[in-house]
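Participant: Submitted below is the structure of interest, expressed as structure tokens.
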Amino acid sequence: MSRVEQRAVRSQPVPRLRTRTIRFQVMRSVLVTGMSGTGKSSALAELDRRGYRVVDTDEPGWTEWVESSQEVGGGEWLWIESRITVLLRSDEGRTLFVRGCVRNQARFYDRFDAVVLLSAPAHVLLDRISRRMTNTYGKTDAERELILHHLSTVEPLLRASCTHELDASRPLDEVVADLIAISGAPERA
């Protein structure tokens, strides 16, 4: 190529490439766990009202009763693992908040982006349970004793394995704001 041809090539405008930014929304999943009366159901109801994807595993179809002579009451509720697996593999592009407190939930911790323990003092839990109208659990003396037993035996295990712990004795809006911040999801009204 001669010098004249080289100058002509250099002087020609370079075509601009059109670019487009593609943003991927990564679905995040957060397990909200804790003892009865900590406000897990209330927090998820508020998240649902704000448009977040929520699953309450206390609802029918997520758990099954497994009899065991080792357990107080003769058995325990456990997650149906195949259903939880499918749930955590699904991606609707929205942050997923899952509520639950069962023994086998720890098998799924590595599939959650965060495991958040809601905790509150015993007197707060018992007061909330006595006043709630959406759930009859915790109304009998035996159930209240079991709640206190779980508070001293199960909650420390949850605390040791969670990624975050929130003081659930605070106002619900504050707890929900913290859950949203932990999830990394954008705030919704």
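Chain lettering (A, B, ...) mirrors the order of the structure tokens, residue numbering begins at 1 for each chain separately, and ligand numbering begins at 1 in order of display.
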What's the 12 Å shell around A:Pro60, counting only C-alpha atoms, without same-chain residues fewer than 2 positions away, as a JSON list (two decimals) with all heavy atoms, in the first residue's frame?
Facilitator:
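Writing done, so here's around-v4.json:
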```json
[["chain", "number", "residue", "atom", "x", "y", "z"],
["A", 55, "VAL", "N", -42.55, -17.39, 50.05],
["A", 55, "VAL", "CA", -43.09, -18.73, 50.25],
["A", 55, "VAL", "C", -43.04, -19.02, 51.74],
["A", 55, "VAL", "O", -41.98, -18.95, 52.36],
["A", 55, "VAL", "CB", -42.30, -19.81, 49.47],
["A", 55, "VAL", "CG1", -42.75, -21.21, 49.87],
["A", 55, "VAL", "CG2", -42.45, -19.60, 47.97],
["A", 56, "ASP", "N", -44.20, -19.30, 52.30],
["A", 56, "ASP", "CA", -44.31, -19.67, 53.71],
["A", 56, "ASP", "C", -44.39, -21.18, 53.77],
["A", 56, "ASP", "O", -45.40, -21.78, 53.40],
["A", 56, "ASP", "CB", -45.56, -19.03, 54.32],
["A", 56, "ASP", "CG", -45.68, -19.29, 55.80],
["A", 56, "ASP", "OD1", -45.00, -20.20, 56.32],
["A", 56, "ASP", "OD2", -46.47, -18.58, 56.45],
["A", 57, "THR", "N", -43.33, -21.82, 54.24],
["A", 57, "THR", "CA", -43.30, -23.28, 54.24],
["A", 57, "THR", "C", -44.14, -23.89, 55.35],
["A", 57, "THR", "O", -44.20, -25.11, 55.46],
["A", 57, "THR", "CB", -41.86, -23.83, 54.31],
["A", 57, "THR", "OG1", -41.25, -23.43, 55.54],
["A", 57, "THR", "CG2", -41.04, -23.35, 53.12],
["A", 58, "ASP", "N", -44.81, -23.05, 56.15],
["A", 58, "ASP", "CA", -45.80, -23.57, 57.09],
["A", 58, "ASP", "C", -47.13, -23.83, 56.38],
["A", 58, "ASP", "O", -48.02, -24.46, 56.95],
["A", 58, "ASP", "CB", -46.04, -22.60, 58.25],
["A", 58, "ASP", "CG", -45.02, -22.80, 59.37],
["A", 58, "ASP", "OD1", -44.15, -23.68, 59.23],
["A", 58, "ASP", "OD2", -45.10, -22.06, 60.36],
["A", 62, "TRP", "N", -45.66, -27.99, 51.83],
["A", 62, "TRP", "CA", -44.21, -27.75, 51.93],
["A", 62, "TRP", "C", -43.55, -28.65, 52.97],
["A", 62, "TRP", "O", -42.34, -28.85, 52.93],
["A", 62, "TRP", "CB", -43.92, -26.29, 52.24],
["A", 62, "TRP", "CG", -44.30, -25.39, 51.12],
["A", 62, "TRP", "CD1", -45.41, -24.59, 51.05],
["A", 62, "TRP", "CD2", -43.61, -25.22, 49.89],
["A", 62, "TRP", "NE1", -45.43, -23.93, 49.84],
["A", 62, "TRP", "CE2", -44.34, -24.30, 49.11],
["A", 62, "TRP", "CE3", -42.44, -25.76, 49.35],
["A", 62, "TRP", "CZ2", -43.94, -23.91, 47.84],
["A", 62, "TRP", "CZ3", -42.04, -25.36, 48.09],
["A", 62, "TRP", "CH2", -42.78, -24.45, 47.34],
["A", 63, "THR", "N", -44.33, -29.12, 53.95],
["A", 63, "THR", "CA", -43.78, -29.95, 55.01],
["A", 63, "THR", "C", -44.59, -31.24, 55.15],
["A", 63, "THR", "O", -45.72, -31.32, 54.67],
["A", 63, "THR", "CB", -43.79, -29.21, 56.37],
["A", 63, "THR", "OG1", -45.13, -28.83, 56.68],
["A", 63, "THR", "CG2", -42.89, -28.00, 56.35],
["A", 64, "GLU", "N", -43.97, -32.20, 55.82],
["A", 64, "GLU", "CA", -44.67, -33.44, 56.12],
["A", 64, "GLU", "C", -44.33, -33.85, 57.55],
["A", 64, "GLU", "O", -43.25, -33.56, 58.06],
["A", 64, "GLU", "CB", -44.27, -34.54, 55.14],
["A", 64, "GLU", "CG", -42.79, -34.88, 55.15],
["A", 64, "GLU", "CD", -42.39, -35.83, 54.05],
["A", 64, "GLU", "OE1", -43.27, -36.43, 53.41],
["A", 64, "GLU", "OE2", -41.17, -35.96, 53.80],
["A", 65, "TRP", "N", -45.30, -34.50, 58.21],
["A", 65, "TRP", "CA", -45.11, -34.95, 59.58],
["A", 65, "TRP", "C", -44.33, -36.26, 59.55],
["A", 65, "TRP", "O", -44.69, -37.20, 58.85],
["A", 65, "TRP", "CB", -46.46, -35.16, 60.27],
["A", 65, "TRP", "CG", -46.34, -35.64, 61.69],
["A", 65, "TRP", "CD1", -46.53, -36.90, 62.15],
["A", 65, "TRP", "CD2", -45.98, -34.85, 62.82],
["A", 65, "TRP", "NE1", -46.32, -36.95, 63.50],
["A", 65, "TRP", "CE2", -45.98, -35.69, 63.94],
["A", 65, "TRP", "CE3", -45.66, -33.50, 63.00],
["A", 65, "TRP", "CZ2", -45.67, -35.24, 65.22],
["A", 65, "TRP", "CZ3", -45.36, -33.04, 64.27],
["A", 65, "TRP", "CH2", -45.36, -33.92, 65.37],
["A", 77, "TRP", "N", -42.37, -31.77, 62.05],
["A", 77, "TRP", "CA", -42.61, -31.36, 60.68],
["A", 77, "TRP", "C", -41.25, -31.14, 60.02],
["A", 77, "TRP", "O", -40.37, -30.50, 60.58],
["A", 77, "TRP", "CB", -43.43, -30.07, 60.63],
["A", 77, "TRP", "CG", -44.84, -30.27, 61.06],
["A", 77, "TRP", "CD1", -45.37, -29.99, 62.28],
["A", 77, "TRP", "CD2", -45.90, -30.82, 60.28],
["A", 77, "TRP", "NE1", -46.70, -30.34, 62.31],
["A", 77, "TRP", "CE2", -47.05, -30.85, 61.09],
["A", 77, "TRP", "CE3", -45.99, -31.30, 58.97],
["A", 77, "TRP", "CZ2", -48.27, -31.33, 60.64],
["A", 77, "TRP", "CZ3", -47.22, -31.77, 58.52],
["A", 77, "TRP", "CH2", -48.34, -31.79, 59.35],
["A", 78, "LEU", "N", -41.09, -31.68, 58.82],
["A", 78, "LEU", "CA", -39.87, -31.50, 58.04],
["A", 78, "LEU", "C", -40.23, -31.00, 56.65],
["A", 78, "LEU", "O", -41.31, -31.32, 56.13],
["A", 78, "LEU", "CB", -39.08, -32.81, 57.92],
["A", 78, "LEU", "CG", -38.55, -33.41, 59.21],
["A", 78, "LEU", "CD1", -37.91, -34.76, 58.93],
["A", 78, "LEU", "CD2", -37.56, -32.47, 59.88],
["A", 79, "TRP", "N", -39.31, -30.25, 56.03],
["A", 79, "TRP", "CA", -39.53, -29.83, 54.66],
["A", 79, "TRP", "C", -39.60, -31.04, 53.75],
["A", 79, "TRP", "O", -38.85, -32.01, 53.93],
["A", 79, "TRP", "CB", -38.40, -28.94, 54.19],
["A", 79, "TRP", "CG", -38.53, -27.50, 54.57],
["A", 79, "TRP", "CD1", -39.60, -26.87, 55.12],
["A", 79, "TRP", "CD2", -37.53, -26.50, 54.41],
["A", 79, "TRP", "NE1", -39.33, -25.54, 55.31],
["A", 79, "TRP", "CE2", -38.06, -25.29, 54.88],
["A", 79, "TRP", "CE3", -36.23, -26.52, 53.92],
["A", 79, "TRP", "CZ2", -37.34, -24.11, 54.87],
["A", 79, "TRP", "CZ3", -35.51, -25.34, 53.91],
["A", 79, "TRP", "CH2", -36.07, -24.14, 54.37],
["A", 80, "ILE", "N", -40.46, -30.98, 52.74],
["A", 80, "ILE", "CA", -40.47, -31.96, 51.67],
["A", 80, "ILE", "C", -39.33, -31.54, 50.75],
["A", 80, "ILE", "O", -39.44, -30.56, 50.01],
["A", 80, "ILE", "CB", -41.83, -31.99, 50.94],
["A", 80, "ILE", "CG1", -42.94, -32.36, 51.92],
["A", 80, "ILE", "CG2", -41.78, -32.96, 49.75],
["A", 80, "ILE", "CD1", -44.35, -32.20, 51.36],
["A", 83, "ARG", "N", -39.64, -30.64, 46.98],
["A", 83, "ARG", "CA", -40.35, -29.37, 46.70],
["A", 83, "ARG", "C", -39.45, -28.17, 46.95],
["A", 83, "ARG", "O", -39.47, -27.21, 46.18],
["A", 83, "ARG", "CB", -41.61, -29.24, 47.57],
["A", 83, "ARG", "CG", -42.64, -30.26, 47.25],
["A", 83, "ARG", "CD", -44.02, -29.80, 46.89],
["A", 83, "ARG", "NE", -44.22, -28.53, 46.27],
["A", 83, "ARG", "CZ", -45.16, -27.66, 46.64],
["A", 83, "ARG", "NH1", -45.95, -27.92, 47.65],
["A", 83, "ARG", "NH2", -45.32, -26.53, 45.98]]
```
Participant: Name all residues at most 12 Å from A:Tyr137 (count only C-alpha atoms; drop same-chain ones fewer than 4 positions away) and give them as a list in words.
Facilitator: Met35, Ser36, Gly37, Asp58, Leu126, Arg128, Ile129, Ser130, Arg131, Arg132, Met133, Asp141, Ala142, Glu143, Arg144, Glu145, Leu146 and Ile147 of chain A
Participant: Write to file, as a compact mmCIF listing (two decimals), in the first residue's frame, the residues of the selection just made, with C-alpha atoms.
Facilitator:
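Contents of result_28.txt, as written:
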```txt
# COMPACT_ATOMS: atom_id res chain seq x y z
CA MET A 35 -38.89 -19.29 66.91
CA SER A 36 -42.68 -18.98 67.07
CA GLY A 37 -43.75 -15.41 67.70
CA ASP A 58 -45.80 -23.57 57.09
CA LEU A 126 -45.15 -15.22 74.52
CA ARG A 128 -47.27 -11.92 70.67
CA ILE A 129 -48.39 -15.54 70.63
CA SER A 130 -51.10 -14.86 73.21
CA ARG A 131 -52.46 -11.94 71.12
CA ARG A 132 -52.20 -13.34 67.60
CA MET A 133 -55.36 -14.37 65.82
CA ASP A 141 -49.51 -24.36 78.49
CA ALA A 142 -47.79 -27.39 76.93
CA GLU A 143 -47.17 -25.51 73.66
CA ARG A 144 -45.84 -22.47 75.53
CA GLU A 145 -43.45 -24.73 77.47
CA LEU A 146 -42.27 -26.27 74.19
CA ILE A 147 -41.69 -22.79 72.71
```
Participant: Excluding same-chain residues fewer than 5 positions from A:Thr85, what lies within 12 Å of it counting only C-alpha atoms, as a PyMOL selection string?
Facilitator: chain A and resi 62+79-80+90+105+107-112
Participant: Atoms to include: C-alpha atoms. Write the selected residues as a PDB file, in the first residue's frame.
Facilitator:
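Below is the file again_1.pdb, written as the result:
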```
ATOM      1  CA  TRP A  62     -44.214 -27.754  51.930  1.00  0.00           C
ATOM      2  CA  TRP A  79     -39.532 -29.830  54.659  1.00  0.00           C
ATOM      3  CA  ILE A  80     -40.466 -31.962  51.668  1.00  0.00           C
ATOM      4  CA  SER A  90     -36.777 -21.771  40.009  1.00  0.00           C
ATOM      5  CA  GLN A 105     -33.616 -26.689  56.589  1.00  0.00           C
ATOM      6  CA  ARG A 107     -29.449 -29.089  54.288  1.00  0.00           C
ATOM      7  CA  PHE A 108     -30.399 -26.149  52.059  1.00  0.00           C
ATOM      8  CA  TYR A 109     -28.354 -23.342  53.635  1.00  0.00           C
ATOM      9  CA  ASP A 110     -25.788 -23.411  50.833  1.00  0.00           C
ATOM     10  CA  ARG A 111     -28.570 -22.683  48.330  1.00  0.00           C
ATOM     11  CA  PHE A 112     -29.664 -19.495  50.091  1.00  0.00           C
TER      12      PHE A 112
END
```
Participant: Atom CA of A:Asp178 to atom CA of A:Pro121: how many Å, to one decimal?
Facilitator: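 Taking atom CA of A:Asp178 as the start and atom CA of A:Pro121 as the end point, the length is 18.9 Å.
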Participant: I want to know what sits within 7 Å of A:Ala168, based on only C-alpha atoms, with residues of the same chain fewer than 4 positions away left out; could you give that as a list in words?
Facilitator: Thr38, Gly39, Leu118, Ser119, Ala120 and Val175 of chain A
Participant: Between atom CA of A:Val30 and atom CA of A:Val72, what is the distance in Å, rounded to a tenth?
Facilitator: 28.9 Å
Participant: Considering only C-alpha atoms, state which residue in the set A:Thr95, A:Ser152, A:Asn135, A:Ser42 is at the smallest distance from A:Ile180.
Facilitator: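 Looking only at the distances to A:Ile180, the closest residue turns out to be A:Thr95.
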Participant: As a short mmCIF file (atom, residue, chain, number, x, y, z; two decimals) with N, CA, C and O atoms, in the first residue's frame, please: every residue in stretch 1-174 of chain A that DSSP puts in strand (DSSP E or B).
Facilitator:
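File produced: out-v1.cif:
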```cif
data_model
loop_
_atom_site.label_atom_id
_atom_site.label_comp_id
_atom_site.auth_asym_id
_atom_site.auth_seq_id
_atom_site.Cartn_x
_atom_site.Cartn_y
_atom_site.Cartn_z
N SER A 29 -32.10 -15.53 47.07
CA SER A 29 -33.03 -16.23 47.96
C SER A 29 -32.58 -16.04 49.40
O SER A 29 -31.39 -16.13 49.71
N VAL A 30 -33.55 -15.75 50.25
CA VAL A 30 -33.30 -15.47 51.66
C VAL A 30 -34.22 -16.35 52.49
O VAL A 30 -35.43 -16.35 52.29
N LEU A 31 -33.63 -17.10 53.42
CA LEU A 31 -34.41 -17.87 54.37
C LEU A 31 -34.62 -17.02 55.61
O LEU A 31 -33.66 -16.50 56.18
N VAL A 32 -35.87 -16.85 56.02
CA VAL A 32 -36.21 -16.13 57.24
C VAL A 32 -36.66 -17.19 58.24
O VAL A 32 -37.66 -17.88 58.03
N THR A 33 -35.91 -17.32 59.33
CA THR A 33 -36.16 -18.37 60.30
C THR A 33 -36.21 -17.80 61.71
O THR A 33 -35.87 -16.64 61.93
N GLY A 34 -36.65 -18.61 62.64
CA GLY A 34 -36.72 -18.17 64.04
C GLY A 34 -37.84 -18.89 64.77
O GLY A 34 -38.61 -19.65 64.19
N ARG A 53 -41.41 -11.86 46.09
CA ARG A 53 -41.84 -13.26 46.00
C ARG A 53 -41.61 -13.91 47.36
O ARG A 53 -40.49 -13.88 47.88
N VAL A 54 -42.65 -14.50 47.93
CA VAL A 54 -42.53 -15.11 49.25
C VAL A 54 -43.14 -16.51 49.25
O VAL A 54 -44.10 -16.77 48.54
N VAL A 55 -42.55 -17.39 50.05
CA VAL A 55 -43.09 -18.73 50.25
C VAL A 55 -43.04 -19.02 51.74
O VAL A 55 -41.98 -18.95 52.36
N ASP A 56 -44.20 -19.30 52.30
CA ASP A 56 -44.31 -19.67 53.71
C ASP A 56 -44.39 -21.18 53.77
O ASP A 56 -45.40 -21.78 53.40
N THR A 63 -44.33 -29.12 53.95
CA THR A 63 -43.78 -29.95 55.01
C THR A 63 -44.59 -31.24 55.15
O THR A 63 -45.72 -31.32 54.67
N GLU A 64 -43.97 -32.20 55.82
CA GLU A 64 -44.67 -33.44 56.12
C GLU A 64 -44.33 -33.85 57.55
O GLU A 64 -43.25 -33.56 58.06
N TRP A 65 -45.30 -34.50 58.21
CA TRP A 65 -45.11 -34.95 59.58
C TRP A 65 -44.33 -36.26 59.55
O TRP A 65 -44.69 -37.20 58.85
N VAL A 66 -43.24 -36.29 60.31
CA VAL A 66 -42.40 -37.48 60.38
C VAL A 66 -42.41 -37.94 61.83
O VAL A 66 -41.99 -37.19 62.72
N GLU A 67 -42.93 -39.14 62.06
CA GLU A 67 -43.00 -39.67 63.42
C GLU A 67 -41.61 -40.04 63.92
O GLU A 67 -40.79 -40.55 63.17
N GLY A 75 -43.04 -36.70 67.06
CA GLY A 75 -42.61 -36.47 65.69
C GLY A 75 -42.33 -35.00 65.45
O GLY A 75 -42.32 -34.19 66.38
N GLU A 76 -42.11 -34.69 64.18
CA GLU A 76 -41.81 -33.30 63.83
C GLU A 76 -42.17 -33.05 62.37
O GLU A 76 -42.24 -33.98 61.57
N TRP A 77 -42.37 -31.77 62.05
CA TRP A 77 -42.61 -31.36 60.68
C TRP A 77 -41.25 -31.14 60.02
O TRP A 77 -40.37 -30.50 60.58
N LEU A 78 -41.09 -31.68 58.82
CA LEU A 78 -39.87 -31.50 58.04
C LEU A 78 -40.23 -31.00 56.65
O LEU A 78 -41.31 -31.32 56.13
N TRP A 79 -39.31 -30.25 56.03
CA TRP A 79 -39.53 -29.83 54.66
C TRP A 79 -39.60 -31.04 53.75
O TRP A 79 -38.85 -32.01 53.93
N LEU A 96 -36.48 -14.00 46.31
CA LEU A 96 -37.35 -14.96 46.97
C LEU A 96 -37.06 -14.95 48.47
O LEU A 96 -35.91 -15.12 48.88
N PHE A 97 -38.11 -14.75 49.26
CA PHE A 97 -38.01 -14.86 50.71
C PHE A 97 -38.77 -16.12 51.13
O PHE A 97 -39.95 -16.26 50.80
N VAL A 98 -38.09 -17.01 51.82
CA VAL A 98 -38.70 -18.27 52.27
C VAL A 98 -38.75 -18.24 53.79
O VAL A 98 -37.76 -17.90 54.45
N ARG A 99 -39.89 -18.60 54.34
CA ARG A 99 -40.06 -18.64 55.79
C ARG A 99 -40.11 -20.08 56.23
O ARG A 99 -40.78 -20.91 55.63
N ALA A 114 -28.75 -15.81 51.88
CA ALA A 114 -28.70 -15.37 53.29
C ALA A 114 -29.67 -16.22 54.10
O ALA A 114 -30.73 -16.62 53.61
N VAL A 115 -29.27 -16.49 55.33
CA VAL A 115 -30.13 -17.17 56.30
C VAL A 115 -30.26 -16.19 57.47
O VAL A 115 -29.28 -15.90 58.15
N VAL A 116 -31.47 -15.66 57.63
CA VAL A 116 -31.70 -14.59 58.60
C VAL A 116 -32.51 -15.13 59.77
O VAL A 116 -33.63 -15.61 59.59
N LEU A 117 -31.93 -15.01 60.96
CA LEU A 117 -32.62 -15.40 62.19
C LEU A 117 -33.32 -14.18 62.77
O LEU A 117 -32.68 -13.16 63.03
N LEU A 118 -34.63 -14.28 62.95
CA LEU A 118 -35.37 -13.27 63.69
C LEU A 118 -35.41 -13.74 65.13
O LEU A 118 -35.80 -14.88 65.40
N SER A 119 -35.01 -12.89 66.06
CA SER A 119 -35.01 -13.28 67.47
C SER A 119 -35.60 -12.16 68.32
O SER A 119 -35.58 -10.99 67.93
N HIS A 164 -27.18 -13.77 59.28
CA HIS A 164 -27.60 -12.50 59.87
C HIS A 164 -28.59 -12.79 61.00
O HIS A 164 -29.37 -13.74 60.89
N GLU A 165 -28.59 -11.95 62.02
CA GLU A 165 -29.59 -12.02 63.07
C GLU A 165 -30.20 -10.65 63.24
O GLU A 165 -29.48 -9.65 63.33
N LEU A 166 -31.53 -10.60 63.26
CA LEU A 166 -32.24 -9.34 63.43
C LEU A 166 -33.03 -9.36 64.72
O LEU A 166 -33.67 -10.37 65.04
N ASP A 167 -33.02 -8.26 65.42
CA ASP A 167 -33.82 -8.09 66.62
C ASP A 167 -35.26 -7.86 66.19
O ASP A 167 -35.63 -6.78 65.73
#
```
Participant: Could you tell me which of A:Arg28, A:Cys101, A:Ile84, A:Arg159 comes closest to A:Asp113 if we count only C-alpha atoms?
Facilitator: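 Checking each of A:Arg28, A:Cys101, A:Ile84, A:Arg159 against A:Asp113, counting only C-alpha atoms, the winner is A:Arg28.
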Participant: Which one is closest to A:Gly93: A:Ser68, A:Cys162, A:Tyr52, A:Gly74? Count only C-alpha atoms.
Facilitator: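 Closest to A:Gly93, using only C-alpha atoms: A:Tyr52.
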Participant: Kindly give the distance, in Å, that separates atom CA of A:Asn104 and atom CA of A:Glu59, rounded to a single decimal.
Facilitator: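 The value is 16.5 Å.
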Participant: Please return, as a PyMOL selection string, all residues of stretch 63-189 of chain A that DSSP assigns to alpha helix (DSSP H) on the basis of the backbone.
Facilitator: chain A and resi 81-89+122-131+141-153+155-161+172-183
